[in-house]
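Source file data_37.cif; content: mmCIF, C-alpha atoms and all ligand atoms.
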```
data_structure
loop_
_atom_site.label_atom_id
_atom_site.label_comp_id
_atom_site.auth_asym_id
_atom_site.auth_seq_id
_atom_site.Cartn_x
_atom_site.Cartn_y
_atom_site.Cartn_z
CA MET X 1 -22.69 -8.48 -11.76
CA LYS X 2 -21.37 -7.45 -8.32
CA ARG X 3 -21.31 -3.75 -7.45
CA LEU X 4 -17.91 -2.80 -6.06
CA PHE X 5 -17.23 0.56 -4.39
CA VAL X 6 -13.54 1.52 -4.29
CA THR X 7 -11.91 4.34 -2.32
CA GLY X 8 -8.36 5.30 -3.31
CA GLY X 9 -8.99 3.93 -6.81
CA THR X 10 -7.07 6.82 -8.38
CA GLY X 11 -3.94 6.14 -6.26
CA PHE X 12 -0.79 4.08 -6.83
CA ILE X 13 -2.18 0.65 -5.85
CA GLY X 14 -5.82 1.56 -6.53
CA THR X 15 -5.31 2.35 -10.22
CA ARG X 16 -3.94 -1.13 -10.80
CA PHE X 17 -6.60 -2.69 -8.59
CA VAL X 18 -9.49 -1.03 -10.48
CA SER X 19 -8.21 -2.30 -13.84
CA LEU X 20 -8.04 -5.85 -12.47
CA ALA X 21 -11.52 -5.60 -10.89
CA LEU X 22 -12.95 -4.49 -14.26
CA GLU X 23 -11.26 -7.40 -16.01
CA ALA X 24 -12.72 -9.72 -13.38
CA GLY X 25 -16.24 -8.50 -14.25
CA TYR X 26 -17.10 -6.22 -11.31
CA ARG X 27 -19.30 -3.17 -11.79
CA VAL X 28 -16.87 -0.65 -10.33
CA ARG X 29 -17.58 2.72 -8.74
CA VAL X 30 -14.57 4.79 -7.79
CA LEU X 31 -14.74 7.54 -5.17
CA THR X 32 -12.56 10.57 -5.88
CA ARG X 33 -12.41 14.21 -4.84
CA ASN X 34 -11.58 15.13 -8.39
CA ALA X 35 -13.66 13.46 -11.10
CA ARG X 36 -11.10 14.50 -13.73
CA ALA X 37 -8.56 12.19 -12.06
CA ALA X 38 -10.72 9.23 -13.07
CA GLU X 39 -11.56 10.42 -16.60
CA ARG X 40 -9.36 7.75 -18.14
CA TRP X 41 -11.90 5.12 -17.04
CA LYS X 42 -14.96 6.84 -18.51
CA HIS X 43 -14.92 4.62 -21.58
CA GLU X 44 -14.22 1.45 -19.65
CA GLY X 45 -17.47 1.43 -17.72
CA VAL X 46 -16.27 2.70 -14.33
CA SER X 47 -18.72 4.99 -12.56
CA VAL X 48 -17.03 7.91 -10.90
CA VAL X 49 -18.49 9.08 -7.58
CA GLU X 50 -17.36 12.55 -6.64
CA GLY X 51 -16.94 12.99 -2.89
CA ASP X 52 -14.60 13.57 0.01
CA LEU X 53 -14.18 10.92 2.70
CA LEU X 54 -13.63 13.71 5.22
CA THR X 55 -17.09 15.20 4.57
CA PRO X 56 -20.42 13.37 4.83
CA GLY X 57 -22.26 13.32 1.51
CA PRO X 58 -24.25 11.34 -1.08
CA TRP X 59 -21.16 9.13 -1.64
CA GLN X 60 -22.09 7.37 1.63
CA GLN X 61 -25.37 6.11 0.11
CA GLU X 62 -23.46 4.92 -2.97
CA ALA X 63 -21.06 3.01 -0.72
CA ALA X 64 -23.89 1.58 1.38
CA ALA X 65 -25.75 0.33 -1.72
CA SER X 66 -22.74 -1.67 -2.96
CA ASP X 67 -22.23 -5.42 -2.62
CA GLU X 68 -18.55 -5.04 -1.82
CA VAL X 69 -16.26 -2.23 -0.69
CA VAL X 70 -12.49 -1.90 -0.98
CA HIS X 71 -11.01 0.88 1.15
CA LEU X 72 -7.61 1.98 -0.19
CA ALA X 73 -7.80 5.74 0.35
CA GLN X 74 -5.31 7.35 2.67
CA PRO X 75 -4.74 11.01 3.51
CA LEU X 76 -1.91 12.93 1.87
CA THR X 77 1.46 11.50 2.91
CA PHE X 78 3.19 14.89 2.40
CA GLY X 79 5.87 13.85 -0.12
CA ALA X 80 9.40 13.62 1.24
CA ARG X 81 9.59 15.19 4.72
CA VAL X 82 7.24 13.90 7.39
CA THR X 83 7.32 15.55 10.81
CA HIS X 84 5.39 14.28 13.83
CA GLN X 85 2.99 17.18 13.38
CA ARG X 86 2.20 16.18 9.79
CA ALA X 87 1.84 12.56 10.83
CA LEU X 88 -0.62 13.61 13.56
CA ALA X 89 -2.75 15.35 10.91
CA TYR X 90 -2.60 12.10 8.88
CA ARG X 91 -3.75 10.14 11.94
CA GLU X 92 -6.78 12.37 12.57
CA GLN X 93 -7.80 12.39 8.91
CA ARG X 94 -7.44 8.64 8.58
CA LEU X 95 -9.66 8.08 11.61
CA ARG X 96 -12.32 10.41 10.25
CA MET X 97 -12.20 8.92 6.73
CA ASP X 98 -12.55 5.37 8.07
CA SER X 99 -15.34 6.30 10.41
CA LEU X 100 -17.42 8.19 7.79
CA LEU X 101 -17.05 5.27 5.38
CA LEU X 102 -17.40 2.26 7.69
CA ASP X 103 -20.22 3.76 9.80
CA SER X 104 -22.27 4.28 6.63
CA LEU X 105 -22.10 0.56 5.72
CA LYS X 106 -24.81 -1.81 6.93
CA PRO X 107 -24.09 -5.43 7.83
CA GLY X 108 -26.34 -7.63 5.69
CA THR X 109 -26.37 -5.26 2.73
CA VAL X 110 -22.62 -5.10 2.13
CA LYS X 111 -21.28 -8.63 1.67
CA ARG X 112 -17.56 -7.94 2.02
CA VAL X 113 -15.34 -5.01 3.02
CA LEU X 114 -11.61 -5.16 2.29
CA TYR X 115 -9.71 -2.74 4.52
CA VAL X 116 -6.16 -1.92 3.42
CA GLY X 117 -3.73 -1.02 6.21
CA GLY X 118 0.06 -0.96 6.20
CA THR X 119 2.70 -3.19 7.75
CA SER X 120 4.25 -0.23 9.60
CA TYR X 121 1.50 -1.04 12.11
CA TYR X 122 3.56 -4.15 12.98
CA GLY X 123 6.70 -2.00 13.10
CA ASP X 124 10.09 -3.28 14.05
CA GLN X 125 9.84 -7.06 14.53
CA GLY X 126 13.59 -7.80 14.55
CA SER X 127 15.21 -10.62 12.61
CA ARG X 128 12.54 -13.33 13.10
CA VAL X 129 9.99 -14.11 10.40
CA VAL X 130 6.62 -13.20 11.91
CA THR X 131 2.98 -13.88 11.12
CA GLU X 132 -0.10 -11.65 11.39
CA ASP X 133 -0.50 -12.92 14.98
CA ALA X 134 2.71 -11.18 16.13
CA THR X 135 2.27 -8.39 18.64
CA PRO X 136 2.33 -5.09 16.72
CA ARG X 137 5.13 -2.68 17.67
CA PRO X 138 4.12 0.31 15.55
CA THR X 139 7.06 2.42 14.34
CA GLY X 140 7.45 5.14 11.69
CA TRP X 141 3.95 5.61 10.23
CA GLY X 142 2.71 2.80 12.49
CA PRO X 143 1.67 4.83 15.56
CA TYR X 144 -0.31 7.12 13.28
CA ILE X 145 -2.30 4.36 11.60
CA ALA X 146 -2.70 2.31 14.79
CA PRO X 147 -5.82 4.13 16.13
CA ALA X 148 -7.66 3.51 12.82
CA ILE X 149 -6.70 -0.18 12.79
CA GLU X 150 -7.58 -0.57 16.45
CA SER X 151 -11.08 0.81 15.71
CA LEU X 152 -11.83 -2.06 13.31
CA PRO X 153 -13.00 -4.60 15.96
CA ARG X 154 -15.89 -2.21 16.71
CA HIS X 155 -17.13 -2.64 13.12
CA LEU X 156 -16.61 -6.42 13.19
CA GLU X 157 -18.61 -6.59 16.42
CA ARG X 158 -21.58 -4.90 14.77
CA GLY X 159 -21.41 -7.53 12.00
CA LEU X 160 -19.53 -5.73 9.23
CA PRO X 161 -17.83 -8.44 7.10
CA LEU X 162 -14.31 -6.98 7.26
CA VAL X 163 -11.16 -8.56 5.85
CA GLU X 164 -7.88 -6.75 6.55
CA ALA X 165 -4.95 -6.61 4.11
CA TYR X 166 -1.49 -5.30 5.04
CA PRO X 167 0.79 -4.70 2.04
CA GLY X 168 4.53 -4.44 2.72
CA SER X 169 6.82 -2.11 0.76
CA VAL X 170 5.06 -1.85 -2.58
CA TYR X 171 7.20 -1.08 -5.63
CA GLY X 172 6.01 -0.52 -9.19
CA LEU X 173 5.47 2.13 -11.83
CA GLY X 174 4.69 5.40 -10.05
CA SER X 175 6.38 4.39 -6.79
CA TRP X 176 9.20 5.67 -4.58
CA PHE X 177 11.46 2.96 -5.97
CA VAL X 178 11.36 4.38 -9.50
CA GLU X 179 12.14 7.87 -8.23
CA TYR X 180 14.83 6.92 -5.70
CA ALA X 181 16.51 4.02 -7.52
CA LEU X 182 15.68 3.51 -11.21
CA VAL X 183 15.93 7.16 -12.30
CA PRO X 184 19.35 7.82 -10.69
CA LEU X 185 20.70 4.38 -11.67
CA LYS X 186 19.81 4.95 -15.32
CA ALA X 187 21.32 8.44 -15.22
CA GLY X 188 24.58 7.06 -13.71
CA ARG X 189 24.05 9.04 -10.51
CA ARG X 190 24.96 7.78 -7.06
CA LEU X 191 22.27 6.38 -4.79
CA PHE X 192 21.80 7.75 -1.31
CA GLY X 193 21.01 5.43 1.56
CA MET X 194 21.51 4.88 5.26
CA LYS X 195 24.02 2.31 6.49
CA GLU X 196 21.19 0.53 8.33
CA THR X 197 19.21 -0.08 5.11
CA LEU X 198 22.07 -2.22 3.75
CA THR X 199 21.38 -4.97 6.28
CA LEU X 200 17.83 -4.47 7.58
CA GLN X 201 15.29 -6.67 5.84
CA MET X 202 11.91 -5.37 4.71
CA SER X 203 9.05 -7.19 3.02
CA PRO X 204 8.57 -5.95 -0.54
CA ILE X 205 5.92 -6.75 -3.16
CA HIS X 206 5.42 -5.71 -6.80
CA VAL X 207 2.33 -3.51 -7.21
CA ASP X 208 0.82 -5.89 -9.79
CA ASP X 209 0.95 -8.79 -7.33
CA CYS X 210 -0.26 -6.51 -4.55
CA ALA X 211 -3.35 -5.49 -6.57
CA ARG X 212 -3.95 -9.14 -7.63
CA ALA X 213 -3.67 -10.26 -4.00
CA LEU X 214 -6.19 -7.62 -2.87
CA LEU X 215 -8.70 -8.80 -5.46
CA HIS X 216 -8.05 -12.40 -4.40
CA LEU X 217 -8.61 -11.52 -0.73
CA LEU X 218 -11.83 -9.73 -1.59
CA GLU X 219 -13.09 -13.06 -2.92
CA HIS X 220 -11.28 -15.58 -0.70
CA GLY X 221 -10.19 -13.77 2.48
CA GLU X 222 -11.84 -14.86 5.71
CA VAL X 223 -13.93 -12.29 7.54
CA GLY X 224 -12.21 -11.07 10.72
CA ARG X 225 -8.74 -12.12 9.55
CA ARG X 226 -5.63 -10.14 8.70
CA TYR X 227 -3.37 -10.95 5.78
CA PHE X 228 0.16 -9.76 5.06
CA VAL X 229 0.50 -8.97 1.36
CA VAL X 230 4.24 -9.52 0.86
CA ASP X 231 6.69 -11.57 -1.23
CA ASP X 232 7.96 -15.05 -0.42
CA GLN X 233 11.25 -13.60 0.84
CA PRO X 234 12.27 -10.40 2.61
CA ALA X 235 15.04 -8.26 1.12
CA THR X 236 17.18 -5.27 1.98
CA PHE X 237 16.95 -1.99 0.10
CA GLY X 238 20.50 -2.79 -1.09
CA ASP X 239 19.22 -6.09 -2.60
CA LEU X 240 16.48 -4.25 -4.50
CA THR X 241 18.88 -1.71 -5.99
CA ARG X 242 21.45 -4.41 -6.84
CA VAL X 243 18.85 -6.43 -8.77
CA ALA X 244 17.61 -3.24 -10.46
CA ALA X 245 21.16 -2.28 -11.49
CA GLU X 246 21.70 -5.78 -12.95
CA ALA X 247 18.44 -5.57 -14.90
CA LEU X 248 19.41 -2.14 -16.23
CA GLY X 249 22.90 -3.35 -17.08
CA VAL X 250 24.56 -0.58 -15.03
CA SER X 251 26.94 -0.58 -12.12
CA TYR X 252 26.03 1.50 -9.14
CA ARG X 253 27.72 3.55 -6.48
CA LYS X 254 26.13 4.44 -3.22
CA VAL X 255 26.64 7.25 -0.76
CA LEU X 256 25.85 6.41 2.84
CA VAL X 257 24.24 9.21 4.80
CA PRO X 258 24.16 9.22 8.61
CA ARG X 259 20.83 8.66 10.33
CA TRP X 260 20.77 12.22 11.75
CA LEU X 261 21.01 13.67 8.22
CA CYS X 262 18.24 11.39 7.03
CA ARG X 263 16.07 12.58 9.93
CA LEU X 264 16.79 16.14 8.90
CA LEU X 265 15.96 15.52 5.22
CA LEU X 266 13.08 13.04 5.47
CA GLY X 267 11.87 13.73 8.99
CA PRO X 268 11.67 11.27 11.88
CA VAL X 269 8.61 9.36 10.71
CA LEU X 270 10.04 8.14 7.39
CA THR X 271 13.49 7.59 8.90
CA ASP X 272 12.02 5.31 11.57
CA SER X 273 9.97 3.47 8.92
CA LEU X 274 13.08 2.91 6.78
CA THR X 275 15.10 1.58 9.70
CA SER X 276 12.52 -0.93 10.95
CA GLU X 277 13.09 -4.59 10.30
CA ALA X 278 10.05 -6.54 9.15
CA ARG X 279 10.42 -10.09 7.86
CA LEU X 280 6.78 -10.93 7.33
CA SER X 281 5.36 -14.32 6.39
CA ASN X 282 2.91 -14.66 3.51
CA ALA X 283 1.90 -18.21 4.51
CA ARG X 284 -1.66 -17.11 5.33
CA LEU X 285 -2.05 -15.43 1.93
CA HIS X 286 -0.66 -18.57 0.23
CA GLY X 287 -3.12 -20.61 2.28
CA THR X 288 -6.02 -18.89 0.46
CA GLY X 289 -4.69 -20.26 -2.86
CA PHE X 290 -3.07 -17.03 -4.06
CA GLN X 291 -0.26 -17.47 -6.58
CA PHE X 292 2.35 -14.81 -7.22
CA HIS X 293 3.51 -13.71 -10.65
CA TYR X 294 6.66 -12.38 -8.98
CA PRO X 295 7.35 -14.43 -5.83
CA THR X 296 10.54 -12.52 -4.98
CA ILE X 297 12.38 -9.35 -6.06
CA ARG X 298 14.46 -11.57 -8.41
CA GLU X 299 11.37 -11.78 -10.65
CA GLY X 300 9.57 -8.57 -9.67
CA VAL X 301 12.33 -5.98 -10.00
CA PRO X 302 13.44 -7.01 -13.54
CA ALA X 303 9.73 -6.98 -14.51
CA LEU X 304 9.41 -3.43 -13.18
CA VAL X 305 12.56 -2.38 -15.03
CA ARG X 306 11.04 -3.75 -18.28
CA GLN X 307 7.73 -1.98 -17.59
CA TRP X 308 9.54 1.27 -16.80
CA LEU X 309 11.75 1.16 -19.91
CA GLU X 310 8.70 0.36 -22.05
CA ALA X 311 6.80 3.32 -20.55
CA ARG X 312 9.78 5.54 -21.41
CA GLY X 313 9.65 4.34 -25.01
CA GLY X 314 12.31 1.65 -24.68
CA SER X 315 15.31 3.85 -23.82
N1 LIG L 1 2.22 2.54 -1.34
C1 LIG L 1 2.72 1.64 -0.49
O1 LIG L 1 3.92 1.26 -0.54
C2 LIG L 1 1.84 1.06 0.57
C3 LIG L 1 2.38 0.08 1.42
C4 LIG L 1 1.56 -0.48 2.39
C5 LIG L 1 0.25 -0.07 2.52
N2 LIG L 1 -0.25 0.89 1.70
C6 LIG L 1 -1.64 1.29 1.90
O2 LIG L 1 -2.36 1.07 0.69
C7 LIG L 1 -3.36 2.07 0.53
C8 LIG L 1 -3.18 2.73 -0.83
O3 LIG L 1 -1.90 3.34 -0.89
P1 LIG L 1 -1.42 4.14 -2.19
O4 LIG L 1 0.05 4.37 -2.01
O5 LIG L 1 -1.92 3.44 -3.41
O6 LIG L 1 -2.23 5.51 -2.01
P2 LIG L 1 -1.99 6.91 -2.75
O7 LIG L 1 -1.32 6.71 -4.06
O8 LIG L 1 -1.39 7.83 -1.75
O9 LIG L 1 -3.47 7.39 -3.09
C9 LIG L 1 -4.29 7.97 -2.14
C10 LIG L 1 -5.73 7.80 -2.61
O10 LIG L 1 -6.58 8.22 -1.55
C11 LIG L 1 -7.59 9.04 -2.09
N3 LIG L 1 -7.98 10.05 -1.09
C12 LIG L 1 -7.14 10.77 -0.29
N4 LIG L 1 -7.85 11.60 0.49
C13 LIG L 1 -9.15 11.40 0.17
C14 LIG L 1 -10.36 11.96 0.64
N5 LIG L 1 -10.37 12.90 1.60
N6 LIG L 1 -11.52 11.56 0.09
C15 LIG L 1 -11.52 10.61 -0.90
N7 LIG L 1 -10.41 10.02 -1.37
C16 LIG L 1 -9.24 10.42 -0.84
C17 LIG L 1 -6.99 9.70 -3.33
O11 LIG L 1 -8.06 9.98 -4.22
P3 LIG L 1 -8.31 11.41 -5.00
O12 LIG L 1 -7.03 12.19 -4.88
O13 LIG L 1 -8.65 10.98 -6.40
O14 LIG L 1 -9.45 12.02 -4.27
C18 LIG L 1 -6.09 8.58 -3.86
O15 LIG L 1 -6.81 7.74 -4.72
C19 LIG L 1 -3.20 3.05 1.70
O16 LIG L 1 -4.10 2.71 2.70
C20 LIG L 1 -1.78 2.80 2.19
O17 LIG L 1 -1.64 3.06 3.56
C21 LIG L 1 0.51 1.46 0.73
#
```
Whole structure given in structure tokens:
Amino acid sequence: MKRLFVTGGTGFIGTRFVSLALEAGYRVRVLTRNARAAERWKHEGVSVVEGDLLTPGPWQQEAAASDEVVHLAQPLTFGARVTHQRALAYREQRLRMDSLLLDSLKPGTVKRVLYVGGTSYYGDQGSRVVTEDATPRPTGWGPYIAPAIESLPRHLERGLPLVEAYPGSVYGLGSWFVEYALVPLKAGRRLFGMKETLTLQMSPIHVDDCARALLHLLEHGEVGRRYFVVDDQPATFGDLTRVAAEALGVSYRKVLVPRWLCRLLLGPVLTDSLTSEARLSNARLHGTGFQFHYPTIREGVPALVRQWLEARGGS
């Protein structure tokens, strides 16, 4: 049975990923700063490793003794309003977390490391569909994750078997999309959005497919390669909310807010992320044999609406 060490296993994507890894037969160890956060897994055979990626500690030996490592942890994203100063703190923490984890791993002992980045590294790519070989133009969060991503070749050069995964805009239970779209739609409230988000295409993916794709890449991804983890088709935020409203059987009204107001409310970093166009190809992921449960938002959003209504007790 393979020993799998997971960082970020208590987070939005990580929680789903850990359940799938258990089902697939891995012996899973989850790193967390708060062992109580992982209590739900106690009876399912997950070992909880208490530790902080920002501080060296015994967790590094646990990671180094594993067959495989999946690195999903990210520093606090500060909720709604992200200023440049907060994003700079994120950048420094992310660099330190990556370095304390990856430097503790020895090539030869660890057979595979899956590093999870974010497509904001690729930034605004305009209206063309692009592959992982496109030149990154980091925007929004991108400039703040770029130094961590650009440190990865150093670890590949010393022989660490790294595979890189870049999820797009992940929606699912526990995500921004529930809070900003499903909750107000169901309550008959108006949705707020920027004019730009009605036409700019992003690359979404349902969290269940995202977690399945990460597990698939752990097993089938090629060392040294990057993979976009996104749907078959890009979509606008307006498309997502329209499909959600249809699935909920409600009509929806939107209020368009000017970009300057969005910058004031959400800060410049999130505003720039939301107004970047990224039509990303998943051909490389398909090429590994991965099959989607929800190839587009037409399948994924109604599935999320069903999951959400079920979690609320059907109402
Ligand atoms: N969500 C998205 O839409 C999206 C899109 C593209 C890429 N991504 C990437 O996917 C990854 C996972 O995202 P997510 O949204 O699932 O994350 P998340 O919900 O924000 O969870 C963050 C995780 O990081 C862990 N963590 C934070 N600081 C830590 C520290 N100092 N030491 C140890 N663990 C620490 C937390 O664990 P504890 O609190 O238990 O310690 C938690 O499990 C991230 O790299 C993110 O950039 C996410």
Residues of chain X within 7 Å of ligand LIG 1 (chain L): nearest atom pair and distance (Å, one decimal) for each, counting all atoms listed in the file, sorted by chain and number, as JSON lines?
```
{"residue": "X:Thr7", "atom": "CA", "partner": "L:LIG1", "partner_atom": "N7", "distance": 6.0}
{"residue": "X:Gly8", "atom": "CA", "partner": "L:LIG1", "partner_atom": "O15", "distance": 3.2}
{"residue": "X:Gly9", "atom": "CA", "partner": "L:LIG1", "partner_atom": "O15", "distance": 4.9}
{"residue": "X:Thr10", "atom": "CA", "partner": "L:LIG1", "partner_atom": "O15", "distance": 3.8}
{"residue": "X:Gly11", "atom": "CA", "partner": "L:LIG1", "partner_atom": "O9", "distance": 3.4}
{"residue": "X:Phe12", "atom": "CA", "partner": "L:LIG1", "partner_atom": "O5", "distance": 3.7}
{"residue": "X:Ile13", "atom": "CA", "partner": "L:LIG1", "partner_atom": "O5", "distance": 3.7}
{"residue": "X:Gly14", "atom": "CA", "partner": "L:LIG1", "partner_atom": "O5", "distance": 5.3}
{"residue": "X:Leu31", "atom": "CA", "partner": "L:LIG1", "partner_atom": "C15", "distance": 6.2}
{"residue": "X:Thr32", "atom": "CA", "partner": "L:LIG1", "partner_atom": "O14", "distance": 3.8}
{"residue": "X:Arg33", "atom": "CA", "partner": "L:LIG1", "partner_atom": "O14", "distance": 3.7}
{"residue": "X:Asn34", "atom": "CA", "partner": "L:LIG1", "partner_atom": "O13", "distance": 5.5}
{"residue": "X:Ala37", "atom": "CA", "partner": "L:LIG1", "partner_atom": "O13", "distance": 5.8}
{"residue": "X:Gly51", "atom": "CA", "partner": "L:LIG1", "partner_atom": "C15", "distance": 6.2}
{"residue": "X:Asp52", "atom": "CA", "partner": "L:LIG1", "partner_atom": "N6", "distance": 3.7}
{"residue": "X:Leu53", "atom": "CA", "partner": "L:LIG1", "partner_atom": "N6", "distance": 3.8}
{"residue": "X:Leu54", "atom": "CA", "partner": "L:LIG1", "partner_atom": "N5", "distance": 4.9}
{"residue": "X:Leu72", "atom": "CA", "partner": "L:LIG1", "partner_atom": "C7", "distance": 4.3}
{"residue": "X:Ala73", "atom": "CA", "partner": "L:LIG1", "partner_atom": "O10", "distance": 3.4}
{"residue": "X:Gln74", "atom": "CA", "partner": "L:LIG1", "partner_atom": "O10", "distance": 4.5}
{"residue": "X:Pro75", "atom": "CA", "partner": "L:LIG1", "partner_atom": "N4", "distance": 4.4}
{"residue": "X:Leu76", "atom": "CA", "partner": "L:LIG1", "partner_atom": "C12", "distance": 6.1}
{"residue": "X:Thr77", "atom": "CA", "partner": "L:LIG1", "partner_atom": "O8", "distance": 6.6}
{"residue": "X:Met97", "atom": "CA", "partner": "L:LIG1", "partner_atom": "N5", "distance": 6.7}
{"residue": "X:Val116", "atom": "CA", "partner": "L:LIG1", "partner_atom": "O16", "distance": 5.1}
{"residue": "X:Gly117", "atom": "CA", "partner": "L:LIG1", "partner_atom": "O16", "distance": 5.1}
{"residue": "X:Gly118", "atom": "CA", "partner": "L:LIG1", "partner_atom": "C5", "distance": 3.8}
{"residue": "X:Thr119", "atom": "CA", "partner": "L:LIG1", "partner_atom": "C4", "distance": 6.1}
{"residue": "X:Tyr166", "atom": "CA", "partner": "L:LIG1", "partner_atom": "C5", "distance": 6.1}
{"residue": "X:Pro167", "atom": "CA", "partner": "L:LIG1", "partner_atom": "C4", "distance": 4.3}
{"residue": "X:Gly168", "atom": "CA", "partner": "L:LIG1", "partner_atom": "C4", "distance": 5.0}
{"residue": "X:Ser169", "atom": "CA", "partner": "L:LIG1", "partner_atom": "O1", "distance": 4.6}
{"residue": "X:Val170", "atom": "CA", "partner": "L:LIG1", "partner_atom": "O1", "distance": 3.9}
{"residue": "X:Tyr171", "atom": "CA", "partner": "L:LIG1", "partner_atom": "O1", "distance": 6.5}
```
Atoms kept (C-alpha atoms) for selection, written as an mmCIF file, in the frame of the given file:
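The resulting selection.cif:
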```
data_model
loop_
_atom_site.group_PDB
_atom_site.id
_atom_site.type_symbol
_atom_site.label_atom_id
_atom_site.label_comp_id
_atom_site.auth_asym_id
_atom_site.auth_seq_id
_atom_site.Cartn_x
_atom_site.Cartn_y
_atom_site.Cartn_z
ATOM 1 C CA THR X 7 -11.910 4.340 -2.320
ATOM 2 C CA GLY X 8 -8.360 5.300 -3.310
ATOM 3 C CA GLY X 9 -8.990 3.930 -6.810
ATOM 4 C CA THR X 10 -7.070 6.820 -8.380
ATOM 5 C CA GLY X 11 -3.940 6.140 -6.260
ATOM 6 C CA PHE X 12 -0.790 4.080 -6.830
ATOM 7 C CA ILE X 13 -2.180 0.650 -5.850
ATOM 8 C CA GLY X 14 -5.820 1.560 -6.530
ATOM 9 C CA LEU X 31 -14.740 7.540 -5.170
ATOM 10 C CA THR X 32 -12.560 10.570 -5.880
ATOM 11 C CA ARG X 33 -12.410 14.210 -4.840
ATOM 12 C CA ASN X 34 -11.580 15.130 -8.390
ATOM 13 C CA ALA X 37 -8.560 12.190 -12.060
ATOM 14 C CA GLY X 51 -16.940 12.990 -2.890
ATOM 15 C CA ASP X 52 -14.600 13.570 0.010
ATOM 16 C CA LEU X 53 -14.180 10.920 2.700
ATOM 17 C CA LEU X 54 -13.630 13.710 5.220
ATOM 18 C CA LEU X 72 -7.610 1.980 -0.190
ATOM 19 C CA ALA X 73 -7.800 5.740 0.350
ATOM 20 C CA GLN X 74 -5.310 7.350 2.670
ATOM 21 C CA PRO X 75 -4.740 11.010 3.510
ATOM 22 C CA LEU X 76 -1.910 12.930 1.870
ATOM 23 C CA THR X 77 1.460 11.500 2.910
ATOM 24 C CA MET X 97 -12.200 8.920 6.730
ATOM 25 C CA VAL X 116 -6.160 -1.920 3.420
ATOM 26 C CA GLY X 117 -3.730 -1.020 6.210
ATOM 27 C CA GLY X 118 0.060 -0.960 6.200
ATOM 28 C CA THR X 119 2.700 -3.190 7.750
ATOM 29 C CA TYR X 166 -1.490 -5.300 5.040
ATOM 30 C CA PRO X 167 0.790 -4.700 2.040
ATOM 31 C CA GLY X 168 4.530 -4.440 2.720
ATOM 32 C CA SER X 169 6.820 -2.110 0.760
ATOM 33 C CA VAL X 170 5.060 -1.850 -2.580
ATOM 34 C CA TYR X 171 7.200 -1.080 -5.630
#
```
* **Distance query 10 Å from (11.3, -7.7, -1.2) using all atoms listed in the file, result as a PyMOL selection string** => chain X and resi 168-171+201-206+230-237+239-240+279+295-298+300-301
* atom CA of X:Met1 to atom CA of X:Gln61, straight-line distance in Å -> 19.0 Å
* **Point (-0.9, -10.4, -5.7) neighbourhood (9 Å, all atoms listed in the file) written as a ChimeraX atom specification** => /X:205-216,229-231,290-294
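The residue that comes closest to X:Pro184, out of X:Tyr227, X:Tyr115, X:Tyr252, X:Trp260 and on the basis of all atoms listed in the file, is X:Tyr252.
Across X:Arg16, X:Arg40, X:Ser47, X:Val269, the tightest approach to X:Thr139 is made by X:Val269 when counting all atoms listed in the file.
Atom pair atom CA of X:Pro302 / atom CA of X:Thr275 has a distance of 24.8 Å (rounded to one decimal).
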* **Nearest candidate to X:Leu248 (options X:Gly172, X:Trp308, X:Arg284, X:Thr199; using all atoms listed in the file)** => X:Trp308
* Skip stretch 143-155 of chain X itself and residues of its chain fewer than 5 positions away, then list as a ChimeraX atom specification all residues within 10 Å of it, counting only C-alpha atoms. => /X:74,84,87-99,102-103,105-107,115-123,136-138,160-164,224,269
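Taking atom CA of X:Leu22 as the reference point, atom CA of X:Thr55 is found at 27.6 Å.
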* Shell of 12 Å around X:Lys2, all atoms listed in the file, local chain residues under 5 positions omitted, as number ranges by chain -> X: 21-22, 24-29, 65-69, 110-112, 218-219
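Take the candidates X:Arg253, X:Asp133, X:Leu100, X:Ala63 and check each one against X:Gly188 using only C-alpha atoms; the shortest distance goes to X:Arg253.
Residues lying within 10 Å of X:Ser251, counting all atoms listed in the file and ignoring same-chain neighbours fewer than 2 positions away, are Leu185, Lys186, Gly188, Arg190, Arg242, Ala244, Ala245, Glu246, Leu248, Gly249 and Arg253 of chain X.
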* Which residue out of X:Val6, X:Gly174, X:Thr83, X:Tyr180 has the minimum interatomic distance to X:Leu101 when all atoms listed in the file are used? -> X:Val6
